[in-house]
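Structure record follows, encoded as structure tokens.
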Amino acid sequence: MLVGLFSEEINAFLYLIRDHATVVTFIAVALFFVLKDKLALRYASLCAVFYIVGYFSFDIIKEADGDKYVLRYIVWALNDIVFMAILAYWALKDKVYIWQSIIAQLVILPAPLLQLFRLVDRHLLDLTYSPYLYKTILPLVNITVVLLCFAPLVVFLKKKFSTTEVMKSPMS
């Protein structure tokens, strides 16, 4: 019974993040601004900017695409690739944490591939696999990218509390 209840709480938490990803990224931006962590702030800001662009361009892209279902998948795949390229460039220039950049790129990599697979599936293959993959993998990618905004906070807290523990422990 406890496992079922815990599972429902996790699902509710994941839906909250997915449905409010832009707000959650702004919380991360504000948090890292206060903590003065420029590298984490830059990653969270990049996520926030891309979520804002996605939010305002979604309806425009769908309207421009109409019933063709071509433009939307190409634009969204390019959007993911541009995000990854900016993140990689910033990691090379020490503008974001390299570990955060690597994890984010590994997490995001399935998204443009899935967008292009969905495009091919809808127009050439007419398979039934892509809707299931599309509806499960993309939300997981988006949720993970948003949660990754807070990974530097976990590292910060771990360092803070491990330093505190070492200071308080008696010396032998």
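Residue numbering restarts at 1 in every chain; chains get A, B, ... in the order shown in the structure tokens, and ligands count up from 1 in that same order.
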
Shell around stretch 94-100 of chain A at 10 Å using only C-alpha atoms, local window under 3 positions removed, as a list in words
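In the requested form, the answer reads Asp37, Lys38, Leu39, Ala40, Leu41, Arg42, Tyr43, Ala44, Leu87, Ala88, Tyr89, Trp90, Ala91, Ile103, Ala104, Gln105, Leu106, Val145, Leu148, Cys149, Ala151 and Pro152 of chain A.
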
Shell of 12 Å around A:Tyr55, only C-alpha atoms, local chain residues under 4 positions omitted, as a PyMOL selection string
chain A and resi 19-23+48-51+59-62+76

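In this comparison, which uses only C-alpha atoms, the residue of A:Leu78, A:Leu124, A:Ile27, A:Leu35 approaching A:Leu147 most closely is A:Ile27.
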
Minimum-distance residue to A:Ile108, chosen among A:Ala64, A:Asn142, A:Ile10, A:Val24 (using only C-alpha atoms):
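The answer is A:Asn142, which sits nearest to A:Ile108.
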